[in-house]
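Have a look at coords.cif; it's mmCIF, C-alpha atoms and all ligand atoms:
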data_entry
loop_
_atom_site.label_atom_id
_atom_site.label_comp_id
_atom_site.auth_asym_id
_atom_site.auth_seq_id
_atom_site.Cartn_x
_atom_site.Cartn_y
_atom_site.Cartn_z
CA MET A 1 115.51 95.06 70.05
CA THR A 2 116.15 96.98 73.26
CA ASP A 3 116.69 95.16 76.57
CA ALA A 4 113.68 96.88 78.11
CA LEU A 5 110.70 98.71 76.68
CA ILE A 6 109.09 100.82 79.38
CA LEU A 7 105.55 102.07 78.91
CA GLY A 8 104.77 105.24 80.89
CA GLY A 9 107.17 107.88 82.19
CA GLY A 10 105.80 108.45 85.71
CA LEU A 11 107.68 107.53 88.88
CA ALA A 12 107.67 103.77 88.31
CA GLY A 13 108.62 103.94 84.62
CA GLY A 14 111.15 106.76 85.05
CA ALA A 15 112.87 105.06 88.00
CA ALA A 16 113.04 101.64 86.32
CA ALA A 17 114.43 103.25 83.17
CA ALA A 18 117.14 105.12 85.08
CA LEU A 19 118.12 102.04 87.12
CA LEU A 20 118.37 99.73 84.12
CA ALA A 21 120.22 102.23 81.93
CA ARG A 22 122.73 102.97 84.68
CA ALA A 23 123.34 99.23 84.96
CA GLY A 24 124.25 99.16 81.25
CA LYS A 25 120.97 97.98 79.69
CA SER A 26 119.49 99.54 76.56
CA VAL A 27 116.16 101.10 77.49
CA HIS A 28 113.39 102.67 75.43
CA LEU A 29 110.69 104.60 77.29
CA ILE A 30 107.36 105.62 75.77
CA GLU A 31 105.33 108.45 77.34
CA ARG A 32 101.94 109.68 76.17
CA GLU A 33 102.39 113.34 77.20
CA THR A 34 104.60 115.64 75.15
CA GLY A 35 106.08 117.51 78.13
CA PRO A 36 105.94 118.09 81.90
CA HIS A 37 102.38 117.77 83.20
CA HIS A 38 100.36 117.81 86.40
CA LYS A 39 99.02 114.49 87.73
CA ILE A 40 96.32 113.52 90.18
CA CYS A 41 98.31 113.09 93.41
CA GLY A 42 98.38 114.48 96.94
CA GLU A 43 102.13 115.12 96.38
CA PHE A 44 102.96 113.86 99.88
CA LEU A 45 106.35 112.15 99.69
CA SER A 46 106.64 109.70 102.56
CA ILE A 47 109.96 108.84 104.14
CA GLU A 48 110.28 105.65 102.06
CA ALA A 49 109.63 107.63 98.86
CA HIS A 50 112.29 110.22 99.51
CA GLN A 51 114.69 107.50 100.61
CA HIS A 52 114.16 105.77 97.24
CA LEU A 53 114.62 109.10 95.46
CA ALA A 54 117.88 109.62 97.35
CA ASP A 55 118.95 106.14 96.21
CA LEU A 56 118.30 107.35 92.67
CA GLY A 57 120.49 110.41 93.30
CA ILE A 58 117.56 112.84 93.61
CA ASP A 59 117.49 115.31 96.49
CA ALA A 60 113.83 116.31 96.74
CA GLN A 61 114.62 119.23 99.05
CA ALA A 62 117.05 120.65 96.51
CA LEU A 63 114.08 120.70 94.09
CA GLY A 64 112.13 122.87 96.55
CA ALA A 65 110.24 120.20 98.53
CA VAL A 66 108.84 121.46 101.84
CA PRO A 67 108.95 119.43 105.09
CA ILE A 68 105.74 118.04 106.60
CA ASP A 69 105.81 116.53 110.07
CA ARG A 70 102.21 116.68 111.30
CA VAL A 71 98.90 115.20 110.21
CA ARG A 72 95.51 116.85 110.82
CA LEU A 73 92.43 114.69 110.38
CA ILE A 74 89.08 116.45 110.04
CA SER A 75 85.70 114.77 110.12
CA GLY A 76 82.61 116.95 110.42
CA PRO A 77 83.21 119.27 113.40
CA SER A 78 86.02 117.07 114.82
CA GLN A 79 89.68 117.83 114.28
CA ILE A 80 92.53 115.63 115.48
CA GLU A 81 96.18 116.49 115.10
CA ALA A 82 99.25 114.34 115.70
CA ALA A 83 102.94 114.17 114.84
CA LEU A 84 103.93 112.03 111.88
CA PRO A 85 106.41 109.30 112.82
CA PHE A 86 108.79 110.73 110.15
CA THR A 87 109.32 113.94 108.19
CA ALA A 88 107.57 113.79 104.84
CA LEU A 89 108.01 116.22 101.95
CA GLY A 90 105.65 118.14 99.68
CA LEU A 91 106.79 118.38 96.05
CA SER A 92 104.71 118.64 92.90
CA ARG A 93 104.73 115.79 90.40
CA HIS A 94 105.20 118.34 87.65
CA ILE A 95 108.74 118.87 88.94
CA LEU A 96 109.54 115.46 90.38
CA ASP A 97 108.58 113.26 87.41
CA GLU A 98 110.43 115.52 84.99
CA GLU A 99 113.57 115.40 87.12
CA LEU A 100 113.45 111.61 87.04
CA LEU A 101 113.00 111.53 83.26
CA GLU A 102 115.95 113.89 82.84
CA ARG A 103 118.07 111.58 85.01
CA ALA A 104 116.94 108.60 82.93
CA GLN A 105 117.86 110.35 79.68
CA ALA A 106 121.23 111.36 81.09
CA ALA A 107 121.83 107.67 81.86
CA GLY A 108 121.21 106.80 78.19
CA VAL A 109 117.47 106.04 78.04
CA THR A 110 115.77 106.76 74.71
CA LEU A 111 112.67 108.76 75.63
CA GLU A 112 109.86 108.94 73.09
CA ARG A 113 107.19 111.46 74.06
CA GLY A 114 103.75 111.98 72.60
CA VAL A 115 103.28 108.27 71.87
CA ARG A 116 100.26 106.46 73.30
CA VAL A 117 100.28 102.78 74.16
CA LEU A 118 97.14 101.18 72.74
CA GLU A 119 97.55 97.49 73.55
CA VAL A 120 100.09 95.15 75.12
CA ALA A 121 100.37 91.65 73.70
CA GLY A 122 103.34 89.97 75.46
CA SER A 123 106.53 91.41 74.03
CA THR A 124 104.68 93.28 71.26
CA VAL A 125 103.22 96.69 72.04
CA ARG A 126 100.79 98.48 69.77
CA THR A 127 101.21 102.24 69.96
CA SER A 128 99.75 105.29 68.24
CA HIS A 129 103.01 105.35 66.22
CA GLY A 130 103.20 101.68 65.21
CA ASP A 131 104.21 98.39 66.85
CA ARG A 132 107.22 98.05 69.17
CA VAL A 133 108.87 94.79 70.24
CA ALA A 134 111.29 94.19 73.15
CA SER A 135 112.65 91.26 75.13
CA ASN A 136 111.21 92.78 78.31
CA VAL A 137 108.11 94.94 78.52
CA LEU A 138 107.52 97.00 81.68
CA LEU A 139 103.99 98.37 81.93
CA ALA A 140 103.98 101.55 84.04
CA THR A 141 101.09 103.57 82.63
CA GLY A 142 99.57 104.45 86.01
CA LYS A 143 96.06 104.44 87.35
CA LEU A 144 93.91 103.46 84.38
CA PRO A 145 93.90 100.06 82.64
CA VAL A 146 95.58 99.47 79.28
CA ARG A 147 94.23 96.82 76.94
CA GLU A 148 96.16 93.59 77.41
CA ASP A 149 95.68 90.27 75.68
CA ARG A 150 96.63 88.01 78.61
CA GLN A 151 95.37 89.64 81.76
CA GLU A 152 92.05 88.52 83.11
CA HIS A 153 89.34 91.08 82.68
CA ARG A 154 89.08 93.02 85.93
CA GLU A 155 85.59 93.23 87.28
CA LYS A 156 84.48 96.83 87.02
CA ASP A 157 84.05 98.69 90.30
CA ALA A 158 80.31 99.46 90.40
CA ASP A 159 81.00 102.79 92.07
CA PRO A 160 84.53 104.00 91.23
CA TYR A 161 86.01 107.30 92.41
CA VAL A 162 86.27 110.60 90.61
CA GLY A 163 89.40 112.62 91.46
CA PHE A 164 90.43 116.28 91.24
CA LYS A 165 93.58 118.23 91.88
CA MET A 166 94.25 121.97 92.00
CA HIS A 167 97.13 124.16 93.17
CA TYR A 168 96.29 127.35 95.07
CA ARG A 169 97.97 130.44 96.43
CA LEU A 170 96.67 130.70 100.01
CA SER A 171 96.10 133.71 102.23
CA ARG A 172 98.92 134.33 104.69
CA ARG A 173 96.80 133.09 107.60
CA ALA A 174 95.79 129.87 105.83
CA LYS A 175 99.42 129.26 104.84
CA GLU A 176 100.57 129.64 108.44
CA GLN A 177 97.89 127.21 109.62
CA LEU A 178 98.93 124.65 107.04
CA ALA A 179 102.70 124.98 107.47
CA GLY A 180 104.36 121.59 108.10
CA THR A 181 100.99 119.79 108.08
CA VAL A 182 99.09 117.44 105.81
CA GLN A 183 95.38 118.07 106.32
CA LEU A 184 93.00 115.21 105.50
CA THR A 185 89.30 116.08 105.48
CA LEU A 186 87.01 113.08 105.40
CA LEU A 187 84.02 113.49 103.10
CA GLU A 188 81.07 111.21 102.58
CA GLY A 189 82.41 108.76 99.96
CA GLY A 190 85.93 110.17 99.85
CA TYR A 191 88.41 112.66 101.28
CA ALA A 192 90.32 115.83 100.48
CA GLY A 193 94.06 116.19 101.12
CA LEU A 194 95.66 119.62 101.43
CA GLN A 195 99.33 120.45 101.96
CA MET A 196 102.03 122.87 100.85
CA VAL A 197 104.37 122.02 97.97
CA GLU A 198 107.29 124.01 96.49
CA GLY A 199 107.08 127.69 95.56
CA GLY A 200 104.56 128.66 98.28
CA ARG A 201 101.77 126.70 96.56
CA ALA A 202 99.20 124.50 98.24
CA ASN A 203 97.98 121.29 96.60
CA LEU A 204 94.40 120.13 97.03
CA CYS A 205 93.67 116.60 95.86
CA LEU A 206 90.29 115.04 96.48
CA ILE A 207 88.34 111.96 95.55
CA VAL A 208 84.68 111.05 95.93
CA LYS A 209 82.66 108.05 94.82
CA ARG A 210 80.98 108.67 91.48
CA SER A 211 77.50 108.21 92.99
CA ARG A 212 78.24 110.96 95.52
CA PHE A 213 79.69 113.18 92.78
CA SER A 214 76.42 112.89 90.84
CA ARG A 215 74.50 113.97 93.93
CA ILE A 216 76.81 116.94 94.55
CA GLY A 217 76.25 118.38 91.10
CA ARG A 218 78.80 116.81 88.74
CA ASN A 219 81.17 119.74 88.41
CA TRP A 220 84.24 121.25 90.04
CA SER A 221 82.51 124.44 91.29
CA ASP A 222 80.02 122.30 93.21
CA MET A 223 82.86 120.24 94.70
CA GLN A 224 84.59 123.43 95.88
CA ALA A 225 81.32 124.78 97.26
CA LEU A 226 80.82 121.54 99.18
CA LEU A 227 84.30 121.80 100.70
CA ALA A 228 83.81 125.48 101.59
CA SER A 229 80.51 124.67 103.34
CA LEU A 230 82.01 122.07 105.71
CA PRO A 231 82.09 122.98 109.41
CA ARG A 232 85.90 122.57 109.25
CA GLY A 233 88.51 121.94 106.56
CA GLY A 234 87.31 124.30 103.81
CA GLU A 235 87.51 127.80 105.32
CA TRP A 236 90.78 128.51 103.50
CA LEU A 237 89.05 128.28 100.08
CA ALA A 238 87.27 131.67 100.36
CA GLU A 239 90.57 133.57 100.07
CA ALA A 240 92.53 131.10 97.93
CA GLU A 241 93.63 131.81 94.36
CA PRO A 242 93.47 128.80 92.00
CA LEU A 243 96.67 128.44 89.95
CA PHE A 244 95.44 126.24 87.07
CA ASP A 245 92.76 127.27 84.54
CA LYS A 246 90.91 124.08 85.39
CA PRO A 247 91.56 121.18 87.77
CA VAL A 248 93.35 118.00 86.76
CA THR A 249 90.65 115.32 86.80
CA ILE A 250 90.32 111.56 86.63
CA GLY A 251 87.26 109.28 86.46
CA ASN A 252 86.83 105.54 86.97
CA LEU A 253 89.45 105.29 89.70
CA SER A 254 89.57 101.93 91.54
CA TYR A 255 91.98 100.86 94.27
CA GLY A 256 93.42 97.42 95.02
CA MET A 257 95.80 94.87 93.51
CA ALA A 258 95.89 94.29 89.75
CA SER A 259 93.77 91.39 88.53
CA ALA A 260 95.40 87.99 88.17
CA CYS A 261 97.39 86.99 85.10
CA PRO A 262 98.72 83.61 83.91
CA SER A 263 102.00 82.56 85.58
CA ASP A 264 103.84 82.67 82.23
CA ASP A 265 102.71 86.23 81.44
CA PRO A 266 105.96 88.03 80.47
CA VAL A 267 104.82 91.59 81.25
CA PHE A 268 106.30 93.38 84.30
CA ARG A 269 103.54 95.55 85.81
CA LEU A 270 104.94 98.43 87.83
CA GLY A 271 103.52 101.12 90.12
CA ASP A 272 99.76 101.56 90.00
CA GLN A 273 99.56 98.92 87.27
CA ALA A 274 100.70 96.36 89.86
CA GLY A 275 98.34 97.61 92.56
CA MET A 276 96.89 100.88 93.77
CA THR A 277 97.14 101.38 97.49
CA ALA A 278 94.63 103.56 99.35
CA SER A 279 95.83 107.08 98.55
CA LEU A 280 94.79 108.46 101.95
CA THR A 281 97.95 106.94 103.47
CA GLY A 282 100.20 108.78 100.98
CA ASP A 283 102.47 105.88 100.04
CA GLY A 284 101.63 105.24 96.37
CA MET A 285 104.77 107.02 95.16
CA ALA A 286 106.96 104.93 97.47
CA LEU A 287 105.28 101.80 96.12
CA ALA A 288 105.80 102.92 92.53
CA LEU A 289 109.50 103.53 93.19
CA ARG A 290 109.84 100.24 95.09
CA SER A 291 108.32 98.33 92.18
CA ALA A 292 110.95 99.91 89.90
CA PHE A 293 113.77 98.73 92.18
CA ILE A 294 112.33 95.20 92.40
CA ALA A 295 111.82 94.97 88.62
CA ALA A 296 115.32 96.29 87.86
CA GLU A 297 116.86 93.85 90.36
CA CYS A 298 114.96 90.92 88.81
CA LEU A 299 115.96 91.88 85.26
CA LEU A 300 119.61 92.31 86.21
CA GLU A 301 119.56 88.89 87.88
CA GLY A 302 118.07 87.41 84.70
CA LYS A 303 114.76 86.68 86.45
CA GLY A 304 111.43 86.93 84.65
CA ALA A 305 108.09 88.59 85.33
CA ALA A 306 106.76 85.72 87.48
CA ASP A 307 109.65 86.14 89.97
CA TYR A 308 109.09 89.87 89.91
CA ARG A 309 105.38 89.45 90.76
CA GLU A 310 106.24 87.16 93.66
CA ARG A 311 108.85 89.55 95.11
CA HIS A 312 106.59 92.51 94.57
CA ARG A 313 103.71 90.87 96.42
CA ALA A 314 105.99 89.79 99.28
CA GLU A 315 107.35 93.31 99.76
CA THR A 316 104.20 95.36 99.24
CA GLY A 317 101.17 93.11 99.97
CA LEU A 318 100.97 93.86 103.71
CA GLN A 319 101.23 97.62 103.23
CA ILE A 320 98.51 97.63 100.57
CA SER A 321 96.09 95.51 102.61
CA ARG A 322 96.56 97.62 105.78
CA ALA A 323 96.07 100.86 103.85
CA MET A 324 92.96 99.49 102.12
CA ALA A 325 91.51 98.35 105.47
CA LEU A 326 92.01 101.83 106.93
CA GLN A 327 90.36 103.48 103.93
CA ARG A 328 87.38 101.10 104.21
CA VAL A 329 86.93 101.89 107.93
CA LEU A 330 86.98 105.62 107.26
CA GLU A 331 84.44 105.26 104.46
CA GLN A 332 81.83 103.45 106.58
CA PRO A 333 79.83 106.08 108.53
CA VAL A 334 79.43 103.94 111.68
CA LEU A 335 83.03 102.72 111.75
CA ARG A 336 84.26 106.22 110.95
CA THR A 337 82.36 107.70 113.92
CA MET A 338 83.80 105.02 116.20
CA GLY A 339 87.30 105.54 114.79
CA ILE A 340 87.13 109.32 115.20
CA GLY A 341 85.92 108.86 118.81
CA LEU A 342 88.92 106.63 119.48
CA LEU A 343 91.33 109.07 117.84
CA ARG A 344 89.93 112.00 119.82
CA ALA A 345 90.54 110.10 123.02
CA TRP A 346 94.00 109.00 121.91
CA PRO A 347 95.46 111.26 119.16
CA GLY A 348 98.75 109.34 119.33
CA LEU A 349 96.92 106.48 117.58
CA LEU A 350 97.06 108.60 114.41
CA THR A 351 100.87 108.55 114.63
CA HIS A 352 100.73 104.74 115.00
CA LEU A 353 98.39 104.42 112.01
CA ALA A 354 100.71 106.56 109.88
CA PHE A 355 103.55 104.23 110.89
CA ALA A 356 101.61 100.98 110.38
CA THR A 357 100.61 101.89 106.82
CA ARG A 358 104.22 102.46 105.67
CA LEU A 359 106.12 100.26 103.30
CA THR A 360 109.02 98.65 105.15
CA GLN A 361 112.25 100.44 104.34
CA ARG A 362 115.14 98.64 102.73
CA ARG A 363 118.42 99.57 101.18
CA PRO A 364 118.90 99.03 97.45
CA GLU A 365 121.08 96.24 96.15
CA PRO A 366 124.79 97.22 95.87
CA GLU A 367 124.59 97.56 92.06
CA PHE A 368 122.22 100.51 92.62
CA GLY A 369 124.46 102.30 95.10
CA PHE A 370 124.91 105.35 92.92
CA ALA A 371 123.29 108.05 95.01
CA GLY A 372 124.70 111.54 94.42
C1 LIG D 401 93.67 110.94 94.74
C2 LIG D 401 95.05 110.40 94.85
C3 LIG D 401 95.97 110.99 95.71
C4 LIG D 401 97.24 110.44 95.85
N1 LIG D 401 98.11 111.02 96.70
C5 LIG D 401 99.32 110.48 96.92
C6 LIG D 401 100.24 111.06 97.82
O1 LIG D 401 99.98 112.11 98.41
N2 LIG D 401 101.42 110.43 98.03
C7 LIG D 401 101.76 109.29 97.37
O2 LIG D 401 102.84 108.74 97.63
N3 LIG D 401 100.92 108.73 96.47
C8 LIG D 401 99.72 109.30 96.23
N4 LIG D 401 98.88 108.77 95.29
C9 LIG D 401 99.33 107.62 94.51
C10 LIG D 401 100.34 108.03 93.43
O3 LIG D 401 99.86 109.13 92.71
C11 LIG D 401 100.55 106.85 92.48
O4 LIG D 401 100.64 105.67 93.20
C12 LIG D 401 101.82 107.03 91.63
O5 LIG D 401 101.70 108.16 90.83
C13 LIG D 401 102.02 105.81 90.76
O6 LIG D 401 103.08 106.04 89.87
P1 LIG D 401 103.09 105.33 88.45
O7 LIG D 401 104.43 105.62 87.87
O8 LIG D 401 102.62 103.93 88.57
O9 LIG D 401 101.96 106.08 87.60
P2 LIG D 401 101.89 107.59 87.13
O10 LIG D 401 102.66 108.45 88.01
O11 LIG D 401 100.45 107.89 86.94
O12 LIG D 401 102.61 107.59 85.72
C14 LIG D 401 102.07 106.96 84.59
C15 LIG D 401 102.64 107.60 83.35
O13 LIG D 401 102.20 106.87 82.20
C16 LIG D 401 101.74 107.76 81.19
N5 LIG D 401 100.70 107.05 80.45
C17 LIG D 401 99.46 106.72 80.86
N6 LIG D 401 98.79 106.04 79.91
C18 LIG D 401 99.63 105.93 78.86
C19 LIG D 401 99.52 105.33 77.58
N7 LIG D 401 98.41 104.71 77.19
N8 LIG D 401 100.59 105.42 76.75
C20 LIG D 401 101.75 106.04 77.14
N9 LIG D 401 101.90 106.62 78.35
C21 LIG D 401 100.86 106.56 79.20
C22 LIG D 401 101.20 108.95 81.97
O14 LIG D 401 101.19 110.12 81.19
C23 LIG D 401 102.17 109.02 83.15
O15 LIG D 401 103.26 109.87 82.90
C24 LIG D 401 97.61 109.29 95.11
C25 LIG D 401 96.70 108.71 94.23
C26 LIG D 401 95.44 109.25 94.10
C27 LIG D 401 94.46 108.60 93.19
#
Please express what this file holds, its structure, as structure tokens.
Amino acid sequence: MTDALILGGGLAGGAAAALLARAGKSVHLIERETGPHHKICGEFLSIEAHQHLADLGIDAQALGAVPIDRVRLISGPSQIEAALPFTALGLSRHILDEELLERAQAAGVTLERGVRVLEVAGSTVRTSHGDRVASNVLLATGKLPVREDRQEHREKDADPYVGFKMHYRLSRRAKEQLAGTVQLTLLEGGYAGLQMVEGGRANLCLIVKRSRFSRIGRNWSDMQALLASLPRGGEWLAEAEPLFDKPVTIGNLSYGMASACPSDDPVFRLGDQAGMTASLTGDGMALALRSAFIAAECLLEGKGAADYRERHRAETGLQISRAMALQRVLEQPVLRTMGIGLLRAWPGLLTHLAFATRLTQRRPEPEFGFAG
């Protein structure tokens, strides 16, 4: 029986594993993928995210992360640009998540790759390689639901999102125009985020509602053609070289808090399993890391999952609801037009919005003061 069984080796699972192992707990981590892999993500590391990484002893810039200090919002023919209220970083998940898993292993975590979680039933977990039991189960399997015996069935989103991600090599001109900037292009039923990451690559991550995707043509070439045909925001595509054979894709994506569970439910839900914030604000990774810190603190204090849920909601609830409200405004054509009009008149409002949708910063508890 290990002290903690962690399901999923993304940012939330990897960080929780490293924190608990460094504090002397025995930790077993199960990850579905057999090696480093690309994930759907804009790869925009907000200030809170890189602060948490620094608290974990990870220097994102030493891994090649590039600084981003401006935001460019594009809607139809309108383009608004403003300074970010902090310097963010661009770093691919392929590199970042692997670094975290290596740190976790170095701290003594047993990492089991290529094992799929099939069902969680309290402290028993059914996997593709047999049942596992632990005193504490931390569910950190990311964006899509895992079968659970206790959690209430979440009502299906009637029109979920479909997501794509692709890395590109840009023309020199496009690269210069994008330098230091995260470019968000609003689409009907979604948005596309473009920014530089390490190694001179650009990351494009976009989502659209499934209904809109069906109307566009239901494939990646049609999505790219749509982007290239926009009055602004897609010109760079004509000269860009895709760096993956095919895009990373996801279907059935829904945002919002996880559905309710009974107060005595023993499972710790971390990262996107606890709640998926609107990705447009680029703070999901910070939230995933924060959930790992809160869970590790609770476990080290001998507190259970109910205390964890309460602390998690108190620290993240406001950020998630503000981000969701912003995403809803930008998705409604009338509200979007009004919002863009306001932003054109006062571009500094974009800086305020970027600030207002941040997770409040906090220092880790002293037992986690092991940066470096
Ligand atoms: C379109 C989009 C763009 C985004 N852009 C940004 C951004 O720019 N900045 C930002 O901060 N956030 C962004 N986010 C949010 C961010 O990607 C997530 O919040 C973050 O990855 C959550 O981390 P996690 O550890 O919970 O899940 P993940 O990082 O998804 O990790 C989950 C892990 O669990 C594994 N796994 C899954 N299922 C199983 C299973 N059944 N068995 C075993 N293992 C399993 C997976 O392989 C994976 O390694 C974006 C999200 C979306 C949808």
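Going from CA of Ile207 in chain A to CA of Ala314 in chain A covers 28.6 Å.
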Got a sec: who's within 7 Å of range 39-45 of chain A, counting only C-alpha atoms, leaving out chain neighbours fewer than 5 positions off, as number ranges by chain? A: 50, 88-93, 164-165, 193, 203-205, 248-249, 282
Leaving out range 324-327 of chain A and any residue of its chain fewer than 5 positions from it, which residues lie within 10 Å of it when counting all atoms listed in the file, given as number ranges by chain? A: 190-191, 255-256, 276-281, 318-319, 332, 336, 339, 353, 357
Calculated over all atoms listed in the file, which of the candidates A:Leu100, A:Val115, A:Ala17, A:Ile68 has the smallest distance to ligand LIG 401 (chain D)?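 Nearest to ligand LIG 401 (chain D): A:Val115.
The space between CA of Glu301 in chain A and CA of Ser135 in chain A spans 14.7 Å.
Point (107.5, 113.2, 73.1) has the following residues at most 9 Å away: Ile30, Glu31, Arg32, Glu33, Thr34, Gly35, Leu111, Glu112, Arg113, Gly114 and Val115 of chain A (atoms considered: only C-alpha atoms).
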Ranking A:Gly271, A:Gly57, A:Pro36, A:Gly64 by minimum distance to ligand LIG 401 (chain D) and counting only C-alpha atoms and all ligand atoms, which one comes first? A:Gly271
How far is it from atom N7 of ligand LIG 401 (chain D) to CA of Ile294 in chain A, in Å with one decimal?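 Spanning atom N7 of ligand LIG 401 (chain D) to CA of Ile294 in chain A is a straight-line distance of 22.7 Å.
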Would you list the contacts of Ala158 in chain A as a PyMOL selection string, taking every protein, DNA or RNA residue within 12 Å and counting all atoms listed in the file, but skipping same-chain residues closer than 4 positions in sequence? chain A and resi 154+209-211+252-254
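Among the candidates A:Pro85, A:Gly217, A:Gly122, A:Pro160, the residue lying nearest to ligand LIG 401 (chain D) is A:Pro160 (atoms considered: only C-alpha atoms and all ligand atoms).
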So which residues touch Leu343 in chain A within 10 Å, counting all atoms listed in the file, skipping near sequence neighbours fewer than 6 positions away, as a PyMOL selection string? chain A and resi 73+79-82+337+349-350
I'd like to know which of A:Leu56, A:Leu300, A:Met285, A:Cys261 is closest to ligand LIG 401 (chain D), using all atoms listed in the file. A:Met285
Shell around Gly317 in chain A at 10 Å using all atoms listed in the file, local window under 6 positions removed, as a list of chain:residue names: A:Met257, A:Gly275, A:Thr277, A:Arg311, A:Leu359
